[in-house]
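Notes to accompany the following structure.
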Amino acid sequence: MDWYEQLADIIPPHASIAVLGVGSELCGDDAAGMEVAKNLVAASLPPEITVFMGSTAPENFTGQIKKANPQYLLVVDAAYLNQEIGAVALVDSETIDGMGFSTHMLPLKVMFAYLREETNTQIVCLGIQPGRTDFASPMCEEMAAAVHDVSAKLNRLFARS
């Protein structure tokens, strides 16, 4: 089962969802989560979908996420999955520290623990395997294609709502 089918099984139609795009727009493929979030903001999303641009300090959005009180928090970020560039997978939010989510001010695992303590939000992480993440490097073609695919599939998933 691919990531889209897994996500469709996890998140029911009409659920309230906060999407948190994460990553550095200055470091090539690390910008994947932010690019997906931008694409979602540009789309016509149902009102129960809220998108946040977390960048390299997603912890700054915990207050807004708590206020939105979504049933699901979908975090989209570049992640070292030990797969080919552009591969996409759901990642267990409990194992984030070992997955290469590392360009953030506060470890995502700490932020997730806080949100679990403060809300009833179920946290789902979508990782995209980066290639180059050097400062000032462009996004590679494989990652750009993955960002496009993920954005389109998330739009399709959210249209069920």
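Here, A, B, ... name the chains of the structure tokens in the order displayed, residue numbers run from 1 inside each chain, and ligands are numbered from 1 in the same displayed order.
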Which of chain A counts as strand (DSSP E or B) under DSSP, as a count of residues only please?
31
Close residues, region 118-121 of chain A itself excluded, 9 Å, only C-alpha atoms, min 6 positions apart in chain, as a ChimeraX atom specification
/A:66,69-73
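You can rank A:Trp3, A:Phe135, A:Phe158, A:Tyr114 by their closest distance to Glu59 (chain A) using only C-alpha atoms, and at the top of that list sits A:Tyr114.
Distance annotation: of A:Leu108, A:Val36, A:Ala42, A:Leu26, the residue with the minimal separation from Val124 (chain A) is A:Leu108; atom set is only C-alpha atoms.
By chain and then residue number, the residues within 10 Å of Pro138 (chain A) are Glu25, Leu26, Cys27, Gly28, Asp29, Asp30, Ala31, Arg132, Thr133 and Ala144 of chain A, counting only C-alpha atoms and disregarding those fewer than 5 positions away in sequence.
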Between CA of Gln6 (chain A) and CA of Val19 (chain A), measure the distance and give it in Å to one decimal.
16.5 Å
For Gly23 (chain A), work out the shell of residues within 12 Å, counting only C-alpha atoms and skipping chain neighbours fewer than 3 positions away, then give it as a VMD selection string.
chain A and resid 20 26 to 37 52 to 58 75 to 79 100 to 105 108 127 to 128 130 133
Write the residues of the selection above to a file with N, CA, C and O atoms, as a compact mmCIF listing (two decimals), in the first residue's frame.
# COMPACT_ATOMS: atom_id res chain seq x y z
N LEU A 20 1.13 21.18 8.16
CA LEU A 20 2.28 21.97 8.56
C LEU A 20 3.43 21.67 7.60
O LEU A 20 4.00 20.59 7.63
N LEU A 26 15.99 27.70 1.77
CA LEU A 26 17.32 28.09 1.31
C LEU A 26 18.22 26.89 1.04
O LEU A 26 19.38 27.07 0.67
N CYS A 27 17.71 25.69 1.29
CA CYS A 27 18.57 24.51 1.21
C CYS A 27 18.02 23.44 0.27
O CYS A 27 17.80 22.29 0.66
N GLY A 28 17.83 23.79 -0.98
CA GLY A 28 17.46 22.83 -2.01
C GLY A 28 16.27 21.98 -1.66
O GLY A 28 15.17 22.48 -1.41
N ASP A 29 16.48 20.68 -1.62
CA ASP A 29 15.39 19.72 -1.41
C ASP A 29 14.75 19.81 -0.03
O ASP A 29 13.65 19.30 0.17
N ASP A 30 15.42 20.44 0.91
CA ASP A 30 14.84 20.60 2.25
C ASP A 30 13.58 21.46 2.20
O ASP A 30 12.79 21.44 3.13
N ALA A 31 13.38 22.19 1.12
CA ALA A 31 12.20 23.05 0.97
C ALA A 31 10.94 22.29 0.60
O ALA A 31 9.87 22.90 0.46
N ALA A 32 11.01 20.98 0.46
CA ALA A 32 9.87 20.20 -0.03
C ALA A 32 8.57 20.45 0.75
O ALA A 32 7.52 20.68 0.16
N GLY A 33 8.64 20.40 2.07
CA GLY A 33 7.44 20.61 2.87
C GLY A 33 6.85 21.99 2.68
O GLY A 33 5.62 22.15 2.61
N MET A 34 7.70 22.98 2.56
CA MET A 34 7.23 24.35 2.34
C MET A 34 6.60 24.49 0.96
O MET A 34 5.58 25.17 0.79
N GLU A 35 7.18 23.83 -0.05
CA GLU A 35 6.63 23.91 -1.40
C GLU A 35 5.26 23.22 -1.48
O GLU A 35 4.34 23.73 -2.13
N VAL A 36 5.12 22.09 -0.81
CA VAL A 36 3.81 21.42 -0.77
C VAL A 36 2.80 22.34 -0.09
O VAL A 36 1.68 22.53 -0.59
N ALA A 37 3.17 22.96 1.02
CA ALA A 37 2.26 23.86 1.73
C ALA A 37 1.86 25.04 0.83
O ALA A 37 0.68 25.42 0.79
N PHE A 52 -0.30 25.67 7.45
CA PHE A 52 0.68 26.52 8.14
C PHE A 52 2.03 26.37 7.47
O PHE A 52 2.42 25.27 7.08
N MET A 53 2.74 27.47 7.33
CA MET A 53 4.08 27.48 6.75
C MET A 53 5.09 27.49 7.89
O MET A 53 5.51 28.55 8.36
N GLY A 54 5.49 26.32 8.35
CA GLY A 54 6.34 26.19 9.52
C GLY A 54 7.79 26.55 9.30
O GLY A 54 8.50 26.85 10.26
N SER A 55 8.28 26.46 8.08
CA SER A 55 9.67 26.76 7.74
C SER A 55 10.62 25.99 8.67
O SER A 55 10.41 24.82 8.93
N THR A 56 11.64 26.67 9.20
CA THR A 56 12.63 26.00 10.06
C THR A 56 12.30 26.15 11.54
O THR A 56 13.07 25.69 12.38
N ALA A 57 11.17 26.78 11.84
CA ALA A 57 10.75 26.93 13.24
C ALA A 57 9.27 26.57 13.39
O ALA A 57 8.46 27.40 13.78
N PRO A 58 8.91 25.32 13.07
CA PRO A 58 7.49 24.94 13.13
C PRO A 58 6.90 25.04 14.53
O PRO A 58 5.69 25.20 14.67
N VAL A 75 2.16 16.71 8.98
CA VAL A 75 3.44 17.40 8.85
C VAL A 75 4.13 16.89 7.60
O VAL A 75 4.31 15.68 7.44
N VAL A 76 4.50 17.82 6.70
CA VAL A 76 5.17 17.45 5.45
C VAL A 76 6.58 18.03 5.50
O VAL A 76 6.75 19.23 5.70
N ASP A 77 7.57 17.16 5.31
CA ASP A 77 8.97 17.59 5.45
C ASP A 77 9.87 16.67 4.64
O ASP A 77 9.52 15.52 4.37
N ALA A 78 11.03 17.17 4.27
CA ALA A 78 12.07 16.31 3.71
C ALA A 78 12.56 15.41 4.84
O ALA A 78 12.71 15.85 5.97
N ALA A 79 12.81 14.15 4.51
CA ALA A 79 13.25 13.20 5.53
C ALA A 79 14.15 12.16 4.90
O ALA A 79 13.87 11.68 3.79
N GLY A 100 16.12 11.87 10.23
CA GLY A 100 16.80 12.90 9.45
C GLY A 100 16.02 14.19 9.34
O GLY A 100 16.32 15.02 8.50
N PHE A 101 15.00 14.38 10.15
CA PHE A 101 14.31 15.65 10.21
C PHE A 101 15.19 16.54 11.10
O PHE A 101 15.04 16.56 12.30
N SER A 102 16.12 17.30 10.53
CA SER A 102 17.12 17.90 11.40
C SER A 102 17.40 19.38 11.21
O SER A 102 18.27 19.91 11.87
N THR A 103 16.69 20.07 10.33
CA THR A 103 17.02 21.47 10.11
C THR A 103 16.15 22.42 10.93
O THR A 103 16.06 23.59 10.63
N HIS A 104 15.55 21.94 11.99
CA HIS A 104 14.60 22.74 12.74
C HIS A 104 15.19 23.23 14.06
O HIS A 104 16.07 22.59 14.62
N MET A 105 14.67 24.36 14.51
CA MET A 105 15.17 24.95 15.75
C MET A 105 14.97 24.01 16.94
O MET A 105 15.86 23.78 17.71
N LEU A 108 11.39 18.11 16.15
CA LEU A 108 9.97 17.87 15.94
C LEU A 108 9.40 16.94 17.00
O LEU A 108 8.26 17.08 17.41
N GLY A 127 7.09 12.14 4.89
CA GLY A 127 8.48 12.47 4.57
C GLY A 127 8.76 12.26 3.09
O GLY A 127 8.22 11.35 2.46
N ILE A 128 9.61 13.14 2.55
CA ILE A 128 10.03 13.03 1.16
C ILE A 128 11.56 12.99 1.14
O ILE A 128 12.21 13.88 1.70
N PRO A 130 15.14 13.63 0.37
CA PRO A 130 15.88 14.67 -0.35
C PRO A 130 17.11 14.11 -1.05
O PRO A 130 17.59 13.03 -0.73
N THR A 133 20.80 19.10 -0.14
CA THR A 133 20.28 20.05 0.85
C THR A 133 21.32 21.09 1.22
O THR A 133 21.24 21.70 2.28
How many Å separate CA of Leu115 (chain A) from CA of Ile17 (chain A)?
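These two atoms are separated by 14.2 Å.
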